[in-house]
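query.cif (mmCIF, C-alpha atoms) appears below.
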```cif
data_model
#
loop_
_atom_site.group_PDB
_atom_site.id
_atom_site.type_symbol
_atom_site.label_atom_id
_atom_site.label_comp_id
_atom_site.auth_asym_id
_atom_site.auth_seq_id
_atom_site.Cartn_x
_atom_site.Cartn_y
_atom_site.Cartn_z
ATOM 1 C CA MET A 741 36.945 -16.594 2.774
ATOM 2 C CA THR A 742 33.165 -16.257 2.806
ATOM 3 C CA VAL A 743 31.486 -16.145 -0.601
ATOM 4 C CA LEU A 744 28.992 -13.288 -0.671
ATOM 5 C CA ASN A 745 26.812 -13.135 -3.765
ATOM 6 C CA VAL A 746 25.316 -9.730 -4.557
ATOM 7 C CA ILE A 747 22.376 -9.046 -6.848
ATOM 8 C CA GLY A 748 20.367 -5.893 -7.510
ATOM 9 C CA VAL A 749 16.612 -5.547 -7.917
ATOM 10 C CA PRO A 750 16.075 -2.042 -9.362
ATOM 11 C CA HIS A 751 12.368 -2.128 -8.708
ATOM 12 C CA SER A 752 9.884 0.428 -7.390
ATOM 13 C CA ALA A 753 6.760 -0.872 -9.116
ATOM 14 C CA GLY A 754 5.195 -1.869 -5.798
ATOM 15 C CA SER A 755 6.129 1.379 -4.076
ATOM 16 C CA TYR A 756 4.303 4.629 -3.384
ATOM 17 C CA SER A 757 6.304 6.380 -6.099
ATOM 18 C CA ALA A 758 9.466 6.023 -8.158
ATOM 19 C CA GLY A 759 13.003 6.341 -6.797
ATOM 20 C CA GLN A 760 13.963 3.050 -5.155
ATOM 21 C CA GLU A 761 14.795 1.531 -8.531
ATOM 22 C CA GLN A 762 17.909 3.744 -8.471
ATOM 23 C CA ALA A 763 19.230 2.269 -5.212
ATOM 24 C CA PRO A 764 21.359 -0.666 -6.468
ATOM 25 C CA ALA A 765 23.292 1.589 -8.845
ATOM 26 C CA ALA A 766 23.717 4.267 -6.187
ATOM 27 C CA LEU A 767 25.080 1.787 -3.639
ATOM 28 C CA ARG A 768 27.557 0.364 -6.140
ATOM 29 C CA ALA A 769 28.650 3.845 -7.253
ATOM 30 C CA ALA A 770 29.241 4.806 -3.619
ATOM 31 C CA GLY A 771 31.638 1.881 -3.173
ATOM 32 C CA LEU A 772 29.579 -0.917 -1.597
ATOM 33 C CA ILE A 773 31.223 -3.778 -3.507
ATOM 34 C CA GLU A 774 34.716 -2.538 -2.706
ATOM 35 C CA ALA A 775 33.846 -2.069 0.975
ATOM 36 C CA LEU A 776 32.438 -5.593 1.254
ATOM 37 C CA THR A 777 35.569 -6.994 -0.386
ATOM 38 C CA GLU A 778 37.869 -5.031 1.915
ATOM 39 C CA ALA A 779 35.890 -6.435 4.844
ATOM 40 C CA GLY A 780 37.064 -9.937 3.922
ATOM 41 C CA ASN A 781 34.291 -11.263 1.691
ATOM 42 C CA ASP A 782 34.747 -13.059 -1.621
ATOM 43 C CA VAL A 783 32.214 -10.852 -3.384
ATOM 44 C CA ARG A 784 30.572 -12.093 -6.565
ATOM 45 C CA ASP A 785 28.448 -9.382 -8.122
ATOM 46 C CA HIS A 786 25.718 -10.810 -10.346
ATOM 47 C CA GLY A 787 24.522 -7.442 -11.596
ATOM 48 C CA ASP A 788 20.936 -6.229 -11.704
ATOM 49 C CA LEU A 789 17.639 -7.783 -12.667
ATOM 50 C CA THR A 790 15.074 -5.975 -14.815
ATOM 51 C CA GLU A 791 14.495 -2.333 -13.895
ATOM 52 C CA LEU A 792 10.868 -1.575 -13.091
ATOM 53 C CA ALA A 793 9.768 1.886 -11.982
ATOM 54 C CA TRP A 794 6.469 2.808 -10.366
ATOM 55 C CA THR A 795 3.781 4.341 -12.524
ATOM 56 C CA PRO A 796 0.194 5.108 -11.485
ATOM 57 C CA ASP A 797 -1.929 2.010 -12.115
ATOM 58 C CA ARG A 798 -5.509 3.207 -12.479
ATOM 59 C CA GLU A 799 -6.769 -0.259 -13.427
ATOM 60 C CA ARG A 800 -5.666 -1.704 -10.058
ATOM 61 C CA PRO A 801 -5.966 1.179 -7.597
ATOM 62 C CA PHE A 802 -5.714 -1.074 -4.526
ATOM 63 C CA ALA A 803 -2.890 -3.321 -5.847
ATOM 64 C CA GLN A 804 -0.761 -0.972 -7.921
ATOM 65 C CA ASN A 805 1.393 -2.551 -10.652
ATOM 66 C CA LEU A 806 0.579 -6.073 -9.486
ATOM 67 C CA PRO A 807 1.751 -7.829 -12.704
ATOM 68 C CA GLU A 808 5.091 -6.009 -12.587
ATOM 69 C CA VAL A 809 5.600 -6.908 -8.913
ATOM 70 C CA VAL A 810 4.835 -10.560 -9.641
ATOM 71 C CA GLN A 811 7.258 -10.464 -12.590
ATOM 72 C CA SER A 812 10.020 -8.992 -10.447
ATOM 73 C CA ILE A 813 9.568 -11.537 -7.651
ATOM 74 C CA GLN A 814 9.541 -14.431 -10.109
ATOM 75 C CA GLU A 815 12.739 -13.152 -11.698
ATOM 76 C CA LEU A 816 14.363 -12.796 -8.273
ATOM 77 C CA ILE A 817 13.396 -16.328 -7.231
ATOM 78 C CA THR A 818 14.788 -17.779 -10.458
ATOM 79 C CA ALA A 819 18.037 -15.827 -10.165
ATOM 80 C CA THR A 820 18.745 -16.445 -6.487
ATOM 81 C CA ALA A 821 17.611 -20.031 -5.909
ATOM 82 C CA PRO A 822 20.859 -21.401 -7.457
ATOM 83 C CA LEU A 823 22.880 -18.966 -5.317
ATOM 84 C CA LEU A 824 21.267 -20.377 -2.170
ATOM 85 C CA SER A 825 21.740 -24.037 -3.063
ATOM 86 C CA THR A 826 25.101 -24.070 -1.253
ATOM 87 C CA GLU A 827 26.337 -22.487 1.982
ATOM 88 C CA GLU A 828 27.218 -19.260 0.186
ATOM 89 C CA ARG A 829 25.516 -16.107 1.406
ATOM 90 C CA LEU A 830 23.468 -13.537 -0.465
ATOM 91 C CA LEU A 831 23.012 -9.767 -0.362
ATOM 92 C CA VAL A 832 20.054 -8.385 -2.328
ATOM 93 C CA LEU A 833 19.954 -4.683 -3.147
ATOM 94 C CA GLY A 834 16.450 -3.354 -3.663
ATOM 95 C CA GLY A 835 14.151 -1.996 -4.613
ATOM 96 C CA ASN A 836 11.230 -2.210 -2.268
ATOM 97 C CA CYS A 837 10.189 -4.579 0.490
ATOM 98 C CA THR A 838 8.566 -7.149 -1.784
ATOM 99 C CA ILE A 839 12.105 -8.452 -2.441
ATOM 100 C CA ALA A 840 11.889 -10.205 0.944
ATOM 101 C CA LEU A 841 9.243 -12.487 -0.546
ATOM 102 C CA GLY A 842 11.564 -13.457 -3.390
ATOM 103 C CA THR A 843 14.478 -14.403 -1.152
ATOM 104 C CA CYS A 844 12.279 -16.497 1.143
ATOM 105 C CA ALA A 845 10.715 -18.221 -1.857
ATOM 106 C CA ALA A 846 14.204 -18.954 -3.224
ATOM 107 C CA LEU A 847 15.109 -20.659 0.059
ATOM 108 C CA GLN A 848 11.881 -22.636 -0.132
ATOM 109 C CA ARG A 849 12.651 -23.722 -3.695
ATOM 110 C CA ASN A 850 15.822 -25.327 -2.322
ATOM 111 C CA GLY A 851 13.852 -27.429 0.124
ATOM 112 C CA VAL A 852 14.285 -25.079 3.099
ATOM 113 C CA GLU A 853 11.380 -23.920 5.210
ATOM 114 C CA PRO A 854 12.278 -20.222 5.278
ATOM 115 C CA GLY A 855 12.411 -17.992 8.300
ATOM 116 C CA LEU A 856 12.467 -14.209 8.145
ATOM 117 C CA VAL A 857 13.626 -11.443 10.467
ATOM 118 C CA TYR A 858 11.924 -8.306 9.216
ATOM 119 C CA ILE A 859 13.642 -5.073 10.273
ATOM 120 C CA ASP A 860 11.131 -2.329 9.653
ATOM 121 C CA ARG A 861 9.225 0.480 11.287
ATOM 122 C CA HIS A 862 6.049 -1.078 9.831
ATOM 123 C CA PHE A 863 4.434 -4.533 9.852
ATOM 124 C CA ASP A 864 3.599 -4.565 6.098
ATOM 125 C CA LEU A 865 0.631 -6.839 6.856
ATOM 126 C CA ASN A 866 -1.962 -4.893 4.903
ATOM 127 C CA THR A 867 -3.879 -6.306 1.925
ATOM 128 C CA PRO A 868 -5.669 -4.767 -1.040
ATOM 129 C CA ALA A 869 -8.858 -5.318 0.974
ATOM 130 C CA SER A 870 -7.643 -3.712 4.212
ATOM 131 C CA THR A 871 -6.272 -0.394 2.920
ATOM 132 C CA THR A 872 -7.019 1.986 0.087
ATOM 133 C CA GLU A 873 -3.402 3.087 -0.448
ATOM 134 C CA GLY A 874 -2.613 0.394 -3.002
ATOM 135 C CA ALA A 875 1.174 0.139 -2.486
ATOM 136 C CA LEU A 876 2.166 -3.516 -2.442
ATOM 137 C CA ASP A 877 5.385 -2.812 -0.545
ATOM 138 C CA TRP A 878 3.109 -2.196 2.452
ATOM 139 C CA MET A 879 1.503 -5.614 1.973
ATOM 140 C CA GLY A 880 4.280 -8.133 1.404
ATOM 141 C CA LEU A 881 4.055 -10.106 4.625
ATOM 142 C CA ALA A 882 0.282 -10.445 4.381
ATOM 143 C CA HIS A 883 0.918 -12.329 1.153
ATOM 144 C CA ALA A 884 3.753 -14.366 2.645
ATOM 145 C CA LEU A 885 1.325 -15.498 5.361
ATOM 146 C CA ASP A 886 -1.524 -15.909 2.845
ATOM 147 C CA LEU A 887 -3.868 -13.677 4.828
ATOM 148 C CA GLU A 888 -7.470 -13.135 3.833
ATOM 149 C CA GLY A 889 -7.787 -10.437 1.189
ATOM 150 C CA SER A 890 -4.359 -11.030 -0.362
ATOM 151 C CA ALA A 891 -3.952 -10.775 -4.141
ATOM 152 C CA PRO A 892 -4.006 -14.374 -5.486
ATOM 153 C CA ALA A 893 -1.449 -13.703 -8.233
ATOM 154 C CA LEU A 894 1.112 -12.498 -5.715
ATOM 155 C CA VAL A 895 0.525 -15.405 -3.343
ATOM 156 C CA ASP A 896 0.684 -17.921 -6.200
ATOM 157 C CA VAL A 897 4.132 -16.827 -7.427
ATOM 158 C CA LEU A 898 5.626 -17.598 -4.013
ATOM 159 C CA GLY A 899 5.107 -21.363 -4.223
ATOM 160 C CA PRO A 900 3.360 -23.598 -1.666
ATOM 161 C CA ARG A 901 1.086 -21.713 0.722
ATOM 162 C CA PRO A 902 1.870 -20.116 3.048
ATOM 163 C CA LEU A 903 5.389 -19.033 2.200
ATOM 164 C CA LEU A 904 5.968 -18.287 5.899
ATOM 165 C CA ARG A 905 4.517 -19.886 8.986
ATOM 166 C CA GLN A 906 3.898 -17.367 11.738
ATOM 167 C CA ALA A 907 6.387 -19.159 13.994
ATOM 168 C CA ARG A 908 9.154 -18.438 11.481
ATOM 169 C CA LEU A 909 8.546 -14.692 11.210
ATOM 170 C CA SER A 910 9.975 -12.125 13.612
ATOM 171 C CA PHE A 911 9.662 -8.343 13.484
ATOM 172 C CA LEU A 912 12.494 -6.095 14.677
ATOM 173 C CA GLY A 913 12.197 -2.329 15.184
ATOM 174 C CA ILE A 914 8.435 -1.952 14.904
ATOM 175 C CA ASP A 915 6.746 1.331 15.801
ATOM 176 C CA ALA A 916 3.243 0.109 16.643
ATOM 177 C CA THR A 917 1.852 3.651 16.438
ATOM 178 C CA GLN A 918 2.353 3.410 12.651
ATOM 179 C CA ALA A 919 0.279 0.224 12.295
ATOM 180 C CA THR A 920 -3.241 -0.048 10.944
ATOM 181 C CA ASP A 921 -5.995 -1.622 13.035
ATOM 182 C CA TRP A 922 -5.979 -4.558 10.609
ATOM 183 C CA GLU A 923 -2.270 -5.134 11.185
ATOM 184 C CA LEU A 924 -2.551 -4.952 14.967
ATOM 185 C CA SER A 925 -5.410 -7.439 14.856
ATOM 186 C CA CYS A 926 -3.371 -9.842 12.696
ATOM 187 C CA VAL A 927 -0.368 -9.611 15.030
ATOM 188 C CA GLU A 928 -2.533 -10.447 18.023
ATOM 189 C CA GLN A 929 -4.505 -13.247 16.369
ATOM 190 C CA LEU A 930 -1.421 -14.935 14.891
ATOM 191 C CA GLY A 931 0.777 -14.415 17.939
ATOM 192 C CA LEU A 932 3.583 -12.924 15.844
ATOM 193 C CA HIS A 933 6.943 -12.228 17.490
ATOM 194 C CA VAL A 934 7.650 -8.494 17.744
ATOM 195 C CA VAL A 935 10.746 -6.717 19.081
ATOM 196 C CA PRO A 936 9.732 -3.047 19.294
ATOM 197 C CA GLN A 937 11.673 -0.022 18.176
ATOM 198 C CA ALA A 938 12.643 0.977 21.716
ATOM 199 C CA ASP A 939 14.391 -2.355 22.313
ATOM 200 C CA LEU A 940 16.281 -2.072 19.026
ATOM 201 C CA VAL A 941 17.507 1.402 19.971
ATOM 202 C CA ASP A 942 18.401 0.537 23.573
ATOM 203 C CA ALA A 943 20.322 -2.706 22.912
ATOM 204 C CA PRO A 944 20.707 -3.311 19.162
ATOM 205 C CA TYR A 945 22.837 -6.471 19.211
ATOM 206 C CA ARG A 946 20.808 -8.152 21.966
ATOM 207 C CA ALA A 947 17.481 -7.219 20.360
ATOM 208 C CA ALA A 948 18.628 -8.635 17.027
ATOM 209 C CA VAL A 949 19.848 -11.895 18.555
ATOM 210 C CA SER A 950 16.485 -12.261 20.285
ATOM 211 C CA SER A 951 14.681 -11.679 16.991
ATOM 212 C CA GLY A 952 16.898 -14.196 15.186
ATOM 213 C CA ASN A 953 16.479 -16.824 17.892
ATOM 214 C CA ALA A 954 12.710 -16.551 17.519
ATOM 215 C CA VAL A 955 12.818 -18.006 13.988
ATOM 216 C CA LEU A 956 15.227 -20.860 14.729
ATOM 217 C CA PRO A 957 15.897 -23.653 14.026
ATOM 218 C CA GLY A 958 16.639 -23.529 10.311
ATOM 219 C CA ASN A 959 17.943 -21.125 7.689
ATOM 220 C CA PHE A 960 16.509 -17.650 7.665
ATOM 221 C CA ALA A 961 16.658 -14.408 5.729
ATOM 222 C CA VAL A 962 16.892 -10.854 7.040
ATOM 223 C CA HIS A 963 15.145 -7.973 5.343
ATOM 224 C CA LEU A 964 16.034 -4.375 6.127
ATOM 225 C CA ASP A 965 13.665 -1.536 5.307
ATOM 226 C CA VAL A 966 15.818 1.554 5.784
ATOM 227 C CA ASP A 967 12.807 3.511 7.018
ATOM 228 C CA VAL A 968 13.449 1.823 10.381
ATOM 229 C CA LEU A 969 16.227 4.418 10.771
ATOM 230 C CA ASP A 970 15.870 7.856 12.274
ATOM 231 C CA PHE A 971 15.389 9.905 9.105
ATOM 232 C CA ILE A 972 17.234 12.895 10.577
ATOM 233 C CA ASP A 973 20.286 10.747 11.310
ATOM 234 C CA ALA A 974 19.991 8.933 7.989
ATOM 235 C CA PRO A 975 17.841 10.539 5.260
ATOM 236 C CA LEU A 976 17.806 7.411 3.119
ATOM 237 C CA ALA A 977 14.267 6.115 3.040
ATOM 238 C CA GLU A 978 11.357 6.467 0.694
ATOM 239 C CA ASN A 979 9.183 7.076 3.782
ATOM 240 C CA VAL A 980 10.250 10.348 5.408
ATOM 241 C CA ASN A 981 7.972 10.125 8.463
ATOM 242 C CA GLY A 982 10.548 8.454 10.722
ATOM 243 C CA ARG A 983 11.985 11.657 12.147
ATOM 244 C CA ASN A 984 13.763 11.744 15.499
ATOM 245 C CA SER A 985 12.837 8.169 16.304
ATOM 246 C CA GLY A 986 14.379 4.825 15.457
ATOM 247 C CA PRO A 987 17.993 3.662 15.462
ATOM 248 C CA THR A 988 20.965 5.502 14.057
ATOM 249 C CA ILE A 989 23.049 3.897 11.327
ATOM 250 C CA GLU A 990 25.600 2.889 13.957
ATOM 251 C CA GLN A 991 22.950 1.217 16.114
ATOM 252 C CA LEU A 992 21.599 -0.594 13.075
ATOM 253 C CA GLU A 993 25.101 -1.890 12.339
ATOM 254 C CA HIS A 994 25.190 -3.691 15.690
ATOM 255 C CA ALA A 995 21.771 -5.223 15.049
ATOM 256 C CA LEU A 996 22.770 -6.512 11.620
ATOM 257 C CA ALA A 997 25.957 -7.966 13.099
ATOM 258 C CA GLY A 998 23.900 -9.790 15.700
ATOM 259 C CA LEU A 999 21.933 -11.494 12.946
ATOM 260 C CA TRP A 1000 24.764 -12.057 10.436
ATOM 261 C CA ASP A 1001 26.835 -13.703 13.166
ATOM 262 C CA GLN A 1002 24.293 -16.528 13.308
ATOM 263 C CA PRO A 1003 25.344 -19.348 10.928
ATOM 264 C CA ASP A 1004 21.740 -19.976 9.852
ATOM 265 C CA CYS A 1005 21.411 -16.423 8.491
ATOM 266 C CA ARG A 1006 21.754 -16.861 4.725
ATOM 267 C CA VAL A 1007 20.401 -13.670 3.167
ATOM 268 C CA LEU A 1008 20.269 -9.934 3.772
ATOM 269 C CA SER A 1009 18.021 -7.835 1.550
ATOM 270 C CA ILE A 1010 17.913 -4.050 1.673
ATOM 271 C CA GLY A 1011 14.846 -2.139 0.570
ATOM 272 C CA GLU A 1012 13.198 1.284 0.362
ATOM 273 C CA LEU A 1013 16.393 3.298 -0.116
ATOM 274 C CA ASN A 1014 15.721 6.391 -2.218
ATOM 275 C CA PRO A 1015 18.929 7.954 -3.605
ATOM 276 C CA VAL A 1016 17.127 11.251 -4.231
ATOM 277 C CA HIS A 1017 16.623 11.651 -0.485
ATOM 278 C CA ALA A 1018 20.135 10.409 0.265
ATOM 279 C CA ALA A 1019 21.560 13.126 -1.984
ATOM 280 C CA THR A 1020 20.557 15.736 0.592
ATOM 281 C CA ASP A 1021 23.336 14.435 2.900
ATOM 282 C CA PRO A 1022 26.635 13.614 1.122
ATOM 283 C CA ASP A 1023 27.848 11.570 4.103
ATOM 284 C CA VAL A 1024 24.862 9.292 4.541
ATOM 285 C CA LEU A 1025 25.552 6.698 1.826
ATOM 286 C CA PRO A 1026 29.240 6.324 2.817
ATOM 287 C CA ARG A 1027 28.197 5.930 6.472
ATOM 288 C CA PHE A 1028 25.555 3.373 5.555
ATOM 289 C CA ILE A 1029 27.936 1.379 3.359
ATOM 290 C CA ALA A 1030 30.627 1.393 6.045
ATOM 291 C CA ALA A 1031 28.110 0.068 8.575
ATOM 292 C CA ILE A 1032 26.869 -2.670 6.237
ATOM 293 C CA SER A 1033 30.410 -3.799 5.410
ATOM 294 C CA ARG A 1034 31.402 -3.948 9.083
ATOM 295 C CA ALA A 1035 28.238 -5.889 9.971
ATOM 296 C CA LEU A 1036 28.934 -8.409 7.180
ATOM 297 C CA ASP A 1037 32.621 -8.804 8.032
ATOM 298 C CA PRO A 1038 33.255 -12.588 8.200
ATOM 299 C CA ARG A 1039 36.414 -12.072 10.242
ATOM 300 C CA ARG A 1040 34.337 -10.817 13.156
ATOM 301 C CA GLN A 1041 32.061 -13.834 12.855
ATOM 302 C CA SER A 1042 34.941 -16.313 12.804
ATOM 303 C CA SER A 1043 36.564 -14.607 15.793
ATOM 304 C CA LEU A 1044 33.358 -15.107 17.763
ATOM 305 C CA GLY A 1045 33.578 -18.797 16.940
#
```

Structure encoded using structure tokens:
Amino acid sequence: MTVLNVIGVPHSAGSYSAGQEQAPAALRAAGLIEALTEAGNDVRDHGDLTELAWTPDRERPFAQNLPEVVQSIQELITATAPLLSTEERLLVLGGNCTIALGTCAALQRNGVEPGLVYIDRHFDLNTPASTTEGALDWMGLAHALDLEGSAPALVDVLGPRPLLRQARLSFLGIDATQATDWELSCVEQLGLHVVPQADLVDAPYRAAVSSGNAVLPGNFAVHLDVDVLDFIDAPLAENVNGRNSGPTIEQLEHALAGLWDQPDCRVLSIGELNPVHAATDPDVLPRFIAAISRALDPRRQSSLG
């Protein structure tokens, strides 16, 4: 039986507003742990790390709540590095997208050069110097790549620079119309691997396998920003702009299965889920949990051999 460690990061300090810090508790209350166990996993729930909610940071308008984000990532690295020292797998419940930095840094702390498949509508390649919005959850991968204009404190907490080489980063589900000019320029200059939203919708499993293959060889993490989903099908995300575009929950399930089926996939982190938005549709959390549990079913993986 596959050991699946679960840990929560109730953290919205790097977000646009509060709400995502409620996600780990909401997922547990809706039956996630039980569903993962019924799917054939040996689930070991390690509880939650420190809760940190967004507040307006007027001292750092372009890098809101930077010390709190650094604190949360450091805590996540410390907590998860021992969980990734064996072949056990890890599910991280966020929180916002900066949790992807913590899981990759935890792999690195164990002597692994991390790879990352980033499932998101957005690139998250902005920096405090490239945008005035100030939300660090829109900037995580710029710091993982140590791009010009990144906040030194956030880059430093991740360990040796850069945390990610561009060859070990792949984007899945991107809507390029949502990108800033800075992000598009970075993607072109660095030659980053991008599987667009249309491919994810049309052939979810195949698109995901392609994205995973792009970061091989070696262990890799997967990060899911739920705003990749069609918000009308799944009103889960902090960002409500993804309406009538993007995959359904069922399409996302096939994509996650395509990644989880790869033996080198060690981590799945889930970010940007806002339970306040989810409360508008009583079926959406149960549907989401059912899809996650089916995608992480080790019996399907073993049957594929």

Edge lengths and centre, in Å to one decimal, as lines of an AutoDock Vina configuration file: that's what I need for the box along x, y and z that holds all listed atoms of range 1004-1012 of chain A plus 6 Å on each side.
```
center_x = 17.5
center_y = -9.3
center_z = 5.1
size_x = 20.6
size_y = 33.3
size_z = 21.5
```

Task: Contacts of range 901-905 of chain A at 7 Å (only C-alpha atoms; same-chain gap of 2+ positions) as an NGL selection string - done: :A and (845 or 854-855 or 884-886 or 898-899 or 907-909)

Please identify all polymer residues lying at most 10 Å from the point (0.9, 0.6, -11.6) (file coordinates), using all atoms listed in the file, and present the result as a PDB file with C-alpha atoms, in the frame of the given file.
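Ended up saving to result_9.pdb:
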```pdb
ATOM      1  CA  SER A 752       9.884   0.428  -7.390  1.00  0.00           C
ATOM      2  CA  ALA A 753       6.760  -0.872  -9.116  1.00  0.00           C
ATOM      3  CA  GLY A 754       5.195  -1.869  -5.798  1.00  0.00           C
ATOM      4  CA  SER A 755       6.129   1.379  -4.076  1.00  0.00           C
ATOM      5  CA  TYR A 756       4.303   4.629  -3.384  1.00  0.00           C
ATOM      6  CA  SER A 757       6.304   6.380  -6.099  1.00  0.00           C
ATOM      7  CA  ALA A 793       9.768   1.886 -11.982  1.00  0.00           C
ATOM      8  CA  TRP A 794       6.469   2.808 -10.366  1.00  0.00           C
ATOM      9  CA  THR A 795       3.781   4.341 -12.524  1.00  0.00           C
ATOM     10  CA  PRO A 796       0.194   5.108 -11.485  1.00  0.00           C
ATOM     11  CA  ASP A 797      -1.929   2.010 -12.115  1.00  0.00           C
ATOM     12  CA  ARG A 798      -5.509   3.207 -12.479  1.00  0.00           C
ATOM     13  CA  GLU A 799      -6.769  -0.259 -13.427  1.00  0.00           C
ATOM     14  CA  ARG A 800      -5.666  -1.704 -10.058  1.00  0.00           C
ATOM     15  CA  PRO A 801      -5.966   1.179  -7.597  1.00  0.00           C
ATOM     16  CA  PHE A 802      -5.714  -1.074  -4.526  1.00  0.00           C
ATOM     17  CA  ALA A 803      -2.890  -3.321  -5.847  1.00  0.00           C
ATOM     18  CA  GLN A 804      -0.761  -0.972  -7.921  1.00  0.00           C
ATOM     19  CA  ASN A 805       1.393  -2.551 -10.652  1.00  0.00           C
ATOM     20  CA  LEU A 806       0.579  -6.073  -9.486  1.00  0.00           C
ATOM     21  CA  PRO A 807       1.751  -7.829 -12.704  1.00  0.00           C
ATOM     22  CA  GLU A 808       5.091  -6.009 -12.587  1.00  0.00           C
ATOM     23  CA  VAL A 809       5.600  -6.908  -8.913  1.00  0.00           C
ATOM     24  CA  GLY A 874      -2.613   0.394  -3.002  1.00  0.00           C
ATOM     25  CA  ALA A 875       1.174   0.139  -2.486  1.00  0.00           C
TER      26      ALA A 875
END
```

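Across the structure, CA of Ser951 in chain A and CA of Ile773 in chain A are spaced 27.5 Å apart.
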
- [ ] For CA of Asn745 in chain A and CA of Ala758 in chain A, determine how far apart the two atoms are, in Å to one decimal place.
- [x]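 CA of Asn745 in chain A sits 26.2 Å away from CA of Ala758 in chain A.
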
- [ ] Please identify all polymer residues within 8 Å of Asn781 in chain A, counting only C-alpha atoms, omitting same-chain residues fewer than 4 positions from it, and present them as a PyMOL selection string.
- [x] chain A and resi 741-744+776-777+1037-1038

TODO: Tell me, in Å to one decimal, how far CA of Thr818 in chain A is from CA of His786 in chain A.
DONE: 13.0 Å

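Closest approach to Ala1030 in chain A among A:Glu873, A:Glu990, A:Asp1004, A:Asp785: A:Glu990, based on only C-alpha atoms.
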
- [ ] Do a neighbour search on range 1014-1027 of chain A at 9 Å with all atoms listed in the file, toss out local chain neighbours closer than 5 positions, and write the hits as a PyMOL selection string.
- [x] chain A and resi 758-763+766-767+770-772+835+973-980+989-990+1032

TODO: Can you give me, as a ChimeraX atom specification, the residues this file yields under the PyMOL selection byres ((chain A and resi 787) around 9)?
DONE: /A:746-749,785-786,788-789

TODO: Just give me the residues with any atom within 9 Å of (10.7, -12.4, 13.1), file coordinates, counting only C-alpha atoms, written as a list in words.
DONE: Gly855, Leu856, Val857, Tyr858, Ile859, Gln906, Ala907, Arg908, Leu909, Ser910, Phe911, Leu912, Leu932, His933, Val934, Val935, Ser951, Gly952, Asn953, Ala954, Val955 and Val962 of chain A

TODO: Find, counting all atoms listed in the file, the residue in A:Leu940, A:Ala948, A:Leu887, A:Ala893 that gets nearest to Cys926 in chain A.
DONE: A:Leu887

Task: Contacts of range 863-866 of chain A at 6 Å (all atoms listed in the file; same-chain gap of 6+ positions) as a count of residues only - done: 6

Task: Proximity to Pro936 in chain A - best of A:Ile914, A:Leu830, A:Ala821, A:Leu956, all atoms listed in the file - done: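 Among the listed residues, A:Ile914 lies closest to Pro936 in chain A.
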